[in-house]
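Please read the structure below before turning to the comments.
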Amino acid sequence: MALLPPGPEDGERVDWPVVERDLGCQLPVDFRDLISVYGVGTIDECLMVLPPVSGRHESGIASVGQMTPTPEKAAWLKHTKSDYPLWPEPGALLCGLRLADGNGDLWGAVYWRTTGSVPERWPVVLWERHHPFIEFDLSMTGLLVKWLTESPDLDIDRRHLFGAPHSRFIHWRVEREMRERDLDPWEYLETLQIEALEALEAGR
């Protein structure tokens with residue numbers, strides 16, 4: 001919360017027993033806390049915290065269930081030549097975060113590898129387009145903290161998040177309200193992107 005302060009409008013009230021019965025599993029406590037404190041929304045226009053439901057959500061953001069590879073939704077997983085089982089088999093991937101590129105298209109995702117009966121012990125798996133799967137012995141929020149602090153031992157593409165104190169989380173309702181008032185919720189990113197480009201060019 002110090003790295004990424006939530007806004008006063010953030011957070012979701014979730015009936016977790018109903019949600020988890022619908023999904024077919026319990027979700028790790030840290031993710032439930034993330035939803036309770038921040039809610040469904042996006043960080044830096046690229047990393048989306050998914051709605052913890054199986055079907056469509058009023059935010060328009062793809063849900064945990066929609067982003068989880070199942071036998072009916074296995075094409076992309078087969079395309080990556082992954083040997084992960086499909087949900088709900090043991091060890092299958094269950095999605096919690098979605099990465100988008102500059103056009104809003106799918107760029108990657110962060111999953112739990114659902115191995116074992118204790119969700120808090122599930123490792124997380126990062127998939128980025130054109131890159132192999134990378135597994136981390138971390139929780140979902142543990143990976144997010146490392147991402148925000150740009151930990152040097154984290155082997156991932158860092159172009160998506162600017163990190164603390166620059167990154168911002170915007171709840172989906174806040175984003176919708178800003179757009180209805182013709183305000184760009186991601187306007188702050190333009191300055192950060194220019195500074196990052198200038199730093200890159202100066203380092204060459």
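Ordering of the structure tokens sets the chain letters (A, B, ...), residue numbers begin anew at 1 in every chain, and ligands are numbered from 1 in the order given.
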
| request: Would you list the contacts of region 16-18 of chain A as a PyMOL selection string, taking every protein, DNA or RNA residue within 9 Å and counting only C-alpha atoms, but skipping same-chain residues closer than 5 positions in sequence? | output: chain A and resi 23+26-27+32+52

Keeping only N, CA, C and O atoms, take the residues you just selected and write them out as a PDB file, in the first residue's frame.
ATOM      1  N   LEU A  23     -16.162 -20.491  -8.905  1.00  0.00           N
ATOM      2  CA  LEU A  23     -14.899 -20.764  -9.586  1.00  0.00           C
ATOM      3  C   LEU A  23     -14.462 -22.213  -9.433  1.00  0.00           C
ATOM      4  O   LEU A  23     -13.722 -22.739 -10.269  1.00  0.00           O
ATOM      5  N   GLN A  26     -10.771 -22.256  -3.791  1.00  0.00           N
ATOM      6  CA  GLN A  26     -10.453 -21.086  -2.980  1.00  0.00           C
ATOM      7  C   GLN A  26      -9.356 -20.293  -3.670  1.00  0.00           C
ATOM      8  O   GLN A  26      -8.551 -20.845  -4.425  1.00  0.00           O
ATOM      9  N   LEU A  27      -9.319 -19.008  -3.418  1.00  0.00           N
ATOM     10  CA  LEU A  27      -8.256 -18.153  -3.941  1.00  0.00           C
ATOM     11  C   LEU A  27      -7.324 -17.764  -2.805  1.00  0.00           C
ATOM     12  O   LEU A  27      -7.741 -17.678  -1.647  1.00  0.00           O
ATOM     13  N   ARG A  32      -7.292 -12.094  -2.285  1.00  0.00           N
ATOM     14  CA  ARG A  32      -8.558 -11.613  -1.730  1.00  0.00           C
ATOM     15  C   ARG A  32      -8.354 -10.256  -1.051  1.00  0.00           C
ATOM     16  O   ARG A  32      -9.193  -9.358  -1.168  1.00  0.00           O
ATOM     17  N   PRO A  52     -12.782 -11.338  -9.677  1.00  0.00           N
ATOM     18  CA  PRO A  52     -12.733 -12.735  -9.209  1.00  0.00           C
ATOM     19  C   PRO A  52     -14.064 -13.454  -9.415  1.00  0.00           C
ATOM     20  O   PRO A  52     -14.712 -13.891  -8.460  1.00  0.00           O
TER      21      PRO A  52
END

| request: Show which residues sit within 12 Å of Glu72 (chain A), as a list of chain:residue names. Count only C-alpha atoms, and ignore same-chain residues fewer than 6 positions away. | output: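 Those residues are A:Gly65, A:Gln66, A:Lys78, A:Leu86, A:Trp87, A:Pro88.
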
| request: Identify, with DSSP run on backbone atoms, the residues in region 37-183 of chain A assigned to strand (DSSP E), and express the list as a VMD selection string. | output: chain A and resid 41 to 43 47 to 49 93 to 100 106 to 113 124 to 128 134 to 136 169 to 171

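Between CA of Tyr84 (chain A) and CA of Arg113 (chain A) there is a distance of 8.6 Å.
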
| field | Test item: residues at most 12 Å from Glu135 (chain A), only C-alpha atoms, excluding those fewer than 2 positions along its chain, as a PyMOL selection string | value | chain A and resi 84+93+110-113+122-128+132-133+137-140+143+154-156

| said: as a PyMOL selection string, please: every residue in region 156-196 of chain A that a backbone DSSP assignment puts in helix (DSSP H, G or I). | reply: chain A and resi 172-180+188-196

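The environment of Ser63 (chain A) within 12 Å, counting only C-alpha atoms and disregarding residues fewer than 5 places along the same chain, consists of Val19, Leu23, Val40, Gly41, Met48, Val49, Leu50, Pro51, Pro52, Val53, Ser54, Gly55, Arg56, His57, Glu58, Thr68, Pro69, Leu94, Cys95, Gly96, Leu97, Arg98 and Ala109 of chain A.
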
Expected file: the selected residues, C-alpha atoms, as a PDB file, in the first residue's frame:
ATOM      1  CA  VAL A  19     -17.311 -16.610  -5.683  1.00  0.00           C
ATOM      2  CA  LEU A  23     -14.899 -20.764  -9.586  1.00  0.00           C
ATOM      3  CA  VAL A  40     -10.821  -4.473  -9.922  1.00  0.00           C
ATOM      4  CA  GLY A  41      -8.818  -2.045 -12.017  1.00  0.00           C
ATOM      5  CA  MET A  48      -5.195  -5.411 -14.822  1.00  0.00           C
ATOM      6  CA  VAL A  49      -6.394  -6.897 -11.534  1.00  0.00           C
ATOM      7  CA  LEU A  50      -9.065  -9.291 -12.721  1.00  0.00           C
ATOM      8  CA  PRO A  51     -12.604  -9.593 -11.377  1.00  0.00           C
ATOM      9  CA  PRO A  52     -12.733 -12.735  -9.209  1.00  0.00           C
ATOM     10  CA  VAL A  53     -15.691 -14.281 -11.011  1.00  0.00           C
ATOM     11  CA  SER A  54     -16.114 -17.042 -13.571  1.00  0.00           C
ATOM     12  CA  GLY A  55     -18.064 -15.106 -16.209  1.00  0.00           C
ATOM     13  CA  ARG A  56     -18.528 -11.565 -17.460  1.00  0.00           C
ATOM     14  CA  HIS A  57     -18.071  -8.598 -15.120  1.00  0.00           C
ATOM     15  CA  GLU A  58     -19.666  -5.157 -15.339  1.00  0.00           C
ATOM     16  CA  THR A  68      -8.161 -19.234 -17.231  1.00  0.00           C
ATOM     17  CA  PRO A  69      -7.196 -21.886 -19.839  1.00  0.00           C
ATOM     18  CA  LEU A  94      -5.583 -20.043 -12.897  1.00  0.00           C
ATOM     19  CA  CYS A  95      -5.371 -16.402 -13.978  1.00  0.00           C
ATOM     20  CA  GLY A  96      -5.269 -13.407 -11.611  1.00  0.00           C
ATOM     21  CA  LEU A  97      -3.636 -10.555 -13.580  1.00  0.00           C
ATOM     22  CA  ARG A  98      -3.721  -9.584 -17.257  1.00  0.00           C
ATOM     23  CA  ALA A 109      -0.872 -12.744 -17.878  1.00  0.00           C
TER      24      ALA A 109
END

| field | Selected residue of minimal separation from Val174 (chain A) among A:Asp15, A:Glu190, A:Leu3, A:Thr42, counting only C-alpha atoms | value |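 Checking each of A:Asp15, A:Glu190, A:Leu3, A:Thr42 against Val174 (chain A), counting only C-alpha atoms, the winner is A:Thr42.
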
| With only C-alpha atoms as the basis for distance, which of A:Pro90, A:Glu175, A:Glu195, A:Gly11 is at the shortest distance from Val118 (chain A)? |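 Of the candidates, the smallest distance to Val118 (chain A) is held by A:Pro90.
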
| Test item: residues at most 8 Å from Glu120 (chain A), only C-alpha atoms, excluding those fewer than 5 positions along its chain, as number ranges by chain | A: 28-30, 139

| Hey, can you check how far CA of Leu148 (chain A) sits from CA of Glu12 (chain A)? |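 These atoms are spaced 22.2 Å apart.
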
| Of the residues A:Gly91, A:Pro71, A:Gly163, A:Gly60, which is the one nearest to Arg176 (chain A), using only C-alpha atoms? |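 Closest to Arg176 (chain A), using only C-alpha atoms: A:Gly60.
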
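Comparing A:Glu89, A:Asp101, A:Glu9, A:Glu201 by their smallest distance to Gly116 (chain A), the closest is A:Glu89 (using only C-alpha atoms).
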